[in-house]
$ cat work-v4.csv   # CSV, C-alpha atoms
chain,number,residue,atom,x,y,z
T,231,MET,CA,4.4,39.4,140.7
T,232,ALA,CA,2.0,42.2,141.5
T,233,ILE,CA,1.9,43.8,145.0
T,234,TYR,CA,-0.9,42.4,147.1
T,235,ASP,CA,-2.8,43.9,150.0
T,236,SER,CA,-2.3,41.0,152.4
T,237,GLU,CA,-0.2,37.8,153.0
T,238,GLU,CA,-3.4,35.8,152.3
T,239,GLU,CA,-3.7,37.3,148.8
T,240,GLN,CA,0.0,36.6,148.1
T,241,LEU,CA,-0.3,33.0,149.2
T,242,GLU,CA,-3.4,32.5,147.1
T,243,ALA,CA,-1.6,34.0,144.1
T,244,VAL,CA,1.4,31.7,144.6
T,245,LYS,CA,-1.0,28.7,144.8
T,246,ALA,CA,-2.7,29.7,141.7
T,247,TRP,CA,0.6,30.2,139.8
T,248,TRP,CA,1.9,26.8,141.0
T,249,LYS,CA,-1.3,25.1,140.0
T,250,GLU,CA,-1.0,26.6,136.5
T,251,ASN,CA,2.8,26.3,136.0
T,252,GLY,CA,4.1,23.7,138.6
T,253,THR,CA,3.9,20.7,136.3
T,254,SER,CA,5.8,22.4,133.5
T,255,THR,CA,8.4,23.7,135.9
T,256,ILE,CA,9.0,20.2,137.3
T,257,VAL,CA,9.3,18.8,133.8
T,258,GLY,CA,11.6,21.5,132.7
T,259,VAL,CA,13.9,20.9,135.7
T,260,ALA,CA,13.9,17.2,135.1
T,261,VAL,CA,14.7,17.6,131.4
T,262,GLY,CA,17.5,20.0,132.3
T,263,ILE,CA,19.0,17.5,134.7
T,264,ALA,CA,18.7,14.7,132.1
T,265,LEU,CA,20.4,16.8,129.5
T,266,ILE,CA,23.3,17.6,131.8
T,267,ALA,CA,23.6,14.0,132.8
T,268,GLY,CA,23.5,12.9,129.2
T,269,TRP,CA,26.1,15.4,128.1
T,270,ASN,CA,28.4,14.4,130.9
T,271,TYR,CA,28.0,10.7,130.0
T,272,TRP,CA,28.6,11.4,126.3
T,273,ARG,CA,31.7,13.5,127.1
T,274,THR,CA,33.1,10.8,129.4
T,275,HIS,CA,32.3,8.1,126.8
T,276,GLN,CA,34.1,10.1,124.1
T,277,GLN,CA,37.1,10.6,126.3
T,278,GLU,CA,37.3,6.9,127.0
T,279,LYS,CA,37.0,6.0,123.3
T,280,THR,CA,39.7,8.5,122.4
T,281,SER,CA,42.0,7.0,125.0
T,282,GLU,CA,41.3,3.5,123.9
T,283,ALA,CA,41.9,4.5,120.2
T,284,SER,CA,45.2,6.2,121.2
T,285,ASN,CA,46.4,3.0,123.0
T,286,ILE,CA,45.6,0.8,120.1
T,287,TYR,CA,47.4,3.2,117.7
T,288,SER,CA,50.4,3.2,120.0
T,289,GLN,CA,50.5,-0.5,119.7
T,290,LEU,CA,50.2,-0.3,116.0
T,291,VAL,CA,53.1,2.2,115.7
T,292,LYS,CA,55.3,-0.1,117.8
T,293,SER,CA,54.4,-3.0,115.5
T,294,VAL,CA,55.3,-1.0,112.4
T,295,GLU,CA,58.7,-0.1,114.0
T,296,ALA,CA,59.2,-3.7,114.9
T,297,ASN,CA,58.4,-4.7,111.3
T,298,ASN,CA,55.6,-7.0,112.5
T,299,PRO,CA,52.9,-7.0,109.8
T,300,GLY,CA,51.0,-9.8,111.5
T,301,ALA,CA,50.1,-7.4,114.4
T,302,VAL,CA,49.6,-4.3,112.3
T,303,GLU,CA,46.8,-5.7,110.1
T,304,PRO,CA,44.4,-6.6,113.0
T,305,LEU,CA,45.1,-3.4,114.9
T,306,SER,CA,44.5,-1.3,111.9
T,307,LYS,CA,41.2,-3.1,111.1
T,308,ARG,CA,40.1,-2.7,114.7
T,309,LEU,CA,40.7,1.0,114.6
T,310,GLN,CA,38.8,1.3,111.3
T,311,ALA,CA,35.9,-0.8,112.6
T,312,GLU,CA,35.5,0.7,116.1
T,313,PHE,CA,37.0,4.2,115.8
T,314,GLY,CA,36.3,5.0,112.2
T,315,GLY,CA,35.4,8.6,113.0
T,316,THR,CA,38.7,9.4,114.7
T,317,SER,CA,42.0,10.6,113.2
T,318,TYR,CA,43.6,7.5,114.7
T,319,ALA,CA,41.8,5.4,112.1
T,320,ALA,CA,43.2,7.5,109.3
T,321,TYR,CA,46.7,7.5,110.8
T,322,SER,CA,46.5,3.7,111.1
T,323,GLY,CA,45.8,3.6,107.4
T,324,LEU,CA,48.9,5.6,106.6
T,325,GLN,CA,51.0,3.3,108.8
T,326,GLN,CA,49.6,0.3,107.2
T,327,ALA,CA,50.3,1.6,103.7
T,328,LYS,CA,53.9,2.4,104.8
T,329,LEU,CA,54.4,-1.1,105.9
T,330,LYS,CA,53.0,-2.5,102.7
T,331,VAL,CA,55.4,-0.4,100.7
T,332,GLN,CA,58.3,-1.7,102.7
T,333,LYS,CA,57.1,-5.2,102.0
T,334,GLY,CA,56.8,-4.5,98.2
T,335,ASP,CA,53.0,-4.7,98.2
T,336,LEU,CA,52.4,-1.5,96.3
T,337,ALA,CA,48.9,-2.6,95.1
T,338,GLY,CA,47.9,-3.2,98.7
T,339,ALA,CA,49.4,0.2,99.8
T,340,LYS,CA,47.5,2.0,97.1
T,341,ALA,CA,44.2,0.4,98.2
T,342,VAL,CA,44.7,1.4,101.8
T,343,LEU,CA,45.6,5.0,100.8
T,344,GLN,CA,42.4,5.2,98.7
T,345,GLU,CA,40.5,4.4,101.8
T,346,VAL,CA,42.2,7.1,103.8
T,347,ILE,CA,41.5,9.6,101.1
T,348,GLY,CA,37.8,9.0,101.5
T,349,GLN,CA,37.8,9.6,105.3
T,350,SER,CA,36.6,12.8,106.9
T,351,ASN,CA,40.0,14.2,108.1
T,352,LYS,CA,40.9,16.5,105.3
T,353,GLU,CA,44.5,17.1,106.2
T,354,LEU,CA,45.2,13.3,106.4
T,355,SER,CA,43.2,12.9,103.2
T,356,HIS,CA,45.7,15.2,101.4
T,357,ILE,CA,48.6,13.4,102.8
T,358,ALA,CA,47.3,10.1,101.7
T,359,ARG,CA,46.5,11.4,98.2
T,360,LEU,CA,50.1,12.8,97.9
T,361,ARG,CA,51.5,9.5,98.9
T,362,LEU,CA,49.3,7.6,96.5
T,363,VAL,CA,50.4,9.9,93.6
T,364,ARG,CA,54.1,9.3,94.5
T,365,LEU,CA,53.4,5.5,94.3
T,366,MET,CA,51.8,6.1,90.9
T,367,LEU,CA,54.9,8.0,89.8
T,368,ALA,CA,57.1,5.1,90.9
T,369,THR,CA,55.0,2.6,89.1
T,370,GLY,CA,54.6,4.6,85.8
T,371,GLU,CA,51.0,5.5,86.3
T,372,TYR,CA,51.6,9.1,85.3
T,373,GLU,CA,48.2,10.0,83.8
T,374,GLN,CA,46.4,8.5,86.7
T,375,GLY,CA,48.5,10.5,89.1
T,376,LEU,CA,47.8,13.7,87.3
T,377,GLN,CA,44.1,12.9,87.3
T,378,LEU,CA,44.2,12.3,91.1
T,379,ILE,CA,45.8,15.7,91.6
T,380,ASN,CA,43.3,17.5,89.2
T,381,GLU,CA,40.4,16.0,91.2
T,382,VAL,CA,41.3,18.2,94.2
T,383,ASP,CA,39.2,21.3,94.6
T,384,PRO,CA,41.6,24.3,94.7
T,385,ALA,CA,39.4,25.8,97.4
T,386,VAL,CA,40.2,23.0,99.8
T,387,LYS,CA,43.9,22.3,99.2
T,388,ALA,CA,45.3,25.3,101.0
T,389,GLY,CA,48.6,24.4,102.6
T,390,PHE,CA,49.1,21.6,100.1
T,391,SER,CA,49.2,23.5,96.8
T,392,ALA,CA,52.9,23.6,96.6
T,393,SER,CA,53.2,19.9,97.2
T,394,TYR,CA,50.6,19.1,94.6
T,395,ASP,CA,52.3,21.4,92.0
T,396,GLU,CA,55.7,20.0,92.6
T,397,LEU,CA,54.5,16.4,92.3
T,398,ALA,CA,52.6,17.4,89.1
T,399,GLY,CA,55.9,18.7,87.8
T,400,ASP,CA,57.6,15.4,88.5
T,401,LEU,CA,54.8,13.6,86.6
T,402,TYR,CA,55.2,15.9,83.6
T,403,VAL,CA,59.0,15.4,83.6
T,404,ALA,CA,58.4,11.6,83.6
T,405,MET,CA,56.2,12.1,80.5
T,406,ASP,CA,58.7,14.4,78.9
T,407,ARG,CA,56.2,17.3,78.9
T,408,ILE,CA,58.9,19.8,79.9
T,409,ASP,CA,57.0,23.1,79.4
T,410,GLU,CA,54.2,21.9,81.7
T,411,ALA,CA,56.7,20.6,84.2
T,412,ARG,CA,58.4,24.0,84.3
T,413,THR,CA,55.1,25.8,84.8
T,414,ALA,CA,54.1,23.3,87.6
T,415,TYR,CA,57.4,23.8,89.4
T,416,GLN,CA,57.1,27.6,89.1
T,417,ASN,CA,53.6,27.4,90.6
T,418,ALA,CA,55.0,25.4,93.4
T,419,LEU,CA,57.6,28.1,94.1
T,420,ASN,CA,54.9,30.8,93.9
T,421,SER,CA,52.8,28.9,96.5
T,422,GLY,CA,55.7,28.9,98.9
T,423,GLY,CA,57.2,25.5,98.2
T,424,GLN,CA,59.9,24.6,100.7
T,425,SER,CA,61.3,21.5,99.1
T,426,PRO,CA,65.1,21.7,98.9
T,427,LEU,CA,65.1,20.1,95.5
T,428,LEU,CA,62.3,22.3,94.0
T,429,LYS,CA,64.6,25.1,92.8
T,430,ILE,CA,67.1,22.6,91.4
T,431,LYS,CA,64.4,20.9,89.5
T,432,LEU,CA,63.2,24.2,88.0
T,433,ASP,CA,66.7,25.3,87.2
T,434,ASP,CA,67.4,22.0,85.3
T,435,LEU,CA,64.4,22.8,83.1
T,436,THR,CA,65.2,26.4,82.5
T,437,VAL,CA,66.6,27.1,79.0
T,438,PRO,CA,69.8,29.2,79.4
T,439,GLU,CA,69.7,32.5,77.5
T,440,PRO,CA,72.1,32.4,74.6
T,441,VAL,CA,75.4,34.1,75.2
T,442,PRO,CA,76.0,36.7,72.5
T,443,VAL,CA,79.1,35.8,70.4
T,444,ALA,CA,81.4,38.7,69.9
T,445,GLN,CA,81.8,39.6,66.3
T,446,PRO,CA,85.4,39.9,65.0
T,447,VAL,CA,86.5,43.5,64.4
T,448,LYS,CA,87.1,44.1,60.7
T,449,ASP,CA,90.5,45.6,59.8
T,450,SER,CA,89.8,48.9,58.2
T,451,LYS,CA,93.1,48.9,56.4

$ encode --input "work-v4.csv" --output "structure tokens"
Amino acid sequence: MAIYDSEEEQLEAVKAWWKENGTSTIVGVAVGIALIAGWNYWRTHQQEKTSEASNIYSQLVKSVEANNPGAVEPLSKRLQAEFGGTSYAAYSGLQQAKLKVQKGDLAGAKAVLQEVIGQSNKELSHIARLRLVRLMLATGEYEQGLQLINEVDPAVKAGFSASYDELAGDLYVAMDRIDEARTAYQNALNSGGQSPLLKIKLDDLTVPEPVPVAQPVKDSK
């Protein structure tokens, strides 16, 4: 504000400024307070939702450990319906699929894993996809398993490349496509695969180099 010659001029300048800007200032302060209050409410609400989802998931895990499918199903459905945007919903799907496999319901397990694959958590989506492909390997759906692997964008499977390559190798072995299996296992090793069986699988497919046979020395006599 400019320097004025008297207190009266300063007071008149303040009055003029307030008359021109007072309303917008009040509105701005009110909006700021509302935003802060809204943010605090949203954060508290999210924390409460996360806590509730965590409690439901804990109940679900205990039900799986107790081999109680009657409790697992409704808990999983509740997590999917009320907390579909959280990782707990995806984890519940993995637990539900695990229980279905234990019960021999492989078709049901596959359906649940397909749902998890479509959820937003990319890491859990990869885990679900790998488990689904293993089920396909167990049920003889080799081509479908390879297709599911090939659908993954190489740019988004960092950290899972070795697992995908090793599983592809298993599928190729099952189809007796040995050269492709060998390449897949080697790719898995190159990607840092840590599976204790990976090197054994590759060695089993490696054709040993022929050992040269010593030629008999002719008698010069």

$ residues_near_point --input "work-v4.csv" --point "(54.8, 6.5, 91.4)" --cutoff "12 Å" --atoms "all atoms listed in the file" --output "ChimeraX atom specification"
/T:331,336-337,339-340,359-376,397-398,400-401,404

$ write_last_selection --input "work-v4.csv" --atoms "C-alpha atoms" --output "tab-separated table (two decimals), keeping the file's coordinate frame"
chain	number	residue	atom	x	y	z
T	331	VAL	CA	55.40	-0.40	100.70
T	336	LEU	CA	52.40	-1.50	96.30
T	337	ALA	CA	48.90	-2.60	95.10
T	339	ALA	CA	49.40	0.20	99.80
T	340	LYS	CA	47.50	2.00	97.10
T	359	ARG	CA	46.50	11.40	98.20
T	360	LEU	CA	50.10	12.80	97.90
T	361	ARG	CA	51.50	9.50	98.90
T	362	LEU	CA	49.30	7.60	96.50
T	363	VAL	CA	50.40	9.90	93.60
T	364	ARG	CA	54.10	9.30	94.50
T	365	LEU	CA	53.40	5.50	94.30
T	366	MET	CA	51.80	6.10	90.90
T	367	LEU	CA	54.90	8.00	89.80
T	368	ALA	CA	57.10	5.10	90.90
T	369	THR	CA	55.00	2.60	89.10
T	370	GLY	CA	54.60	4.60	85.80
T	371	GLU	CA	51.00	5.50	86.30
T	372	TYR	CA	51.60	9.10	85.30
T	373	GLU	CA	48.20	10.00	83.80
T	374	GLN	CA	46.40	8.50	86.70
T	375	GLY	CA	48.50	10.50	89.10
T	376	LEU	CA	47.80	13.70	87.30
T	397	LEU	CA	54.50	16.40	92.30
T	398	ALA	CA	52.60	17.40	89.10
T	400	ASP	CA	57.60	15.40	88.50
T	401	LEU	CA	54.80	13.60	86.60
T	404	ALA	CA	58.40	11.60	83.60

$ atom_distance --input "work-v4.csv" --atom1 "atom CA of Leu290 of chain T" --atom2 "atom CA of Glu303 of chain T"
8.7 Å

$ atom_distance --input "work-v4.csv" --atom1 "atom CA of Ser421 of chain T" --atom2 "atom CA of Ser391 of chain T"
6.5 Å

$ closest_residue --input "work-v4.csv" --among "T:Ala246, T:Ala283, T:Leu309, T:Val294" --to "Lys333 of chain T" --atoms "only C-alpha atoms"
T:Val294

$ atom_distance --input "work-v4.csv" --atom1 "atom CA of Ser306 of chain T" --atom2 "atom CA of Ile357 of chain T"
17.8 Å
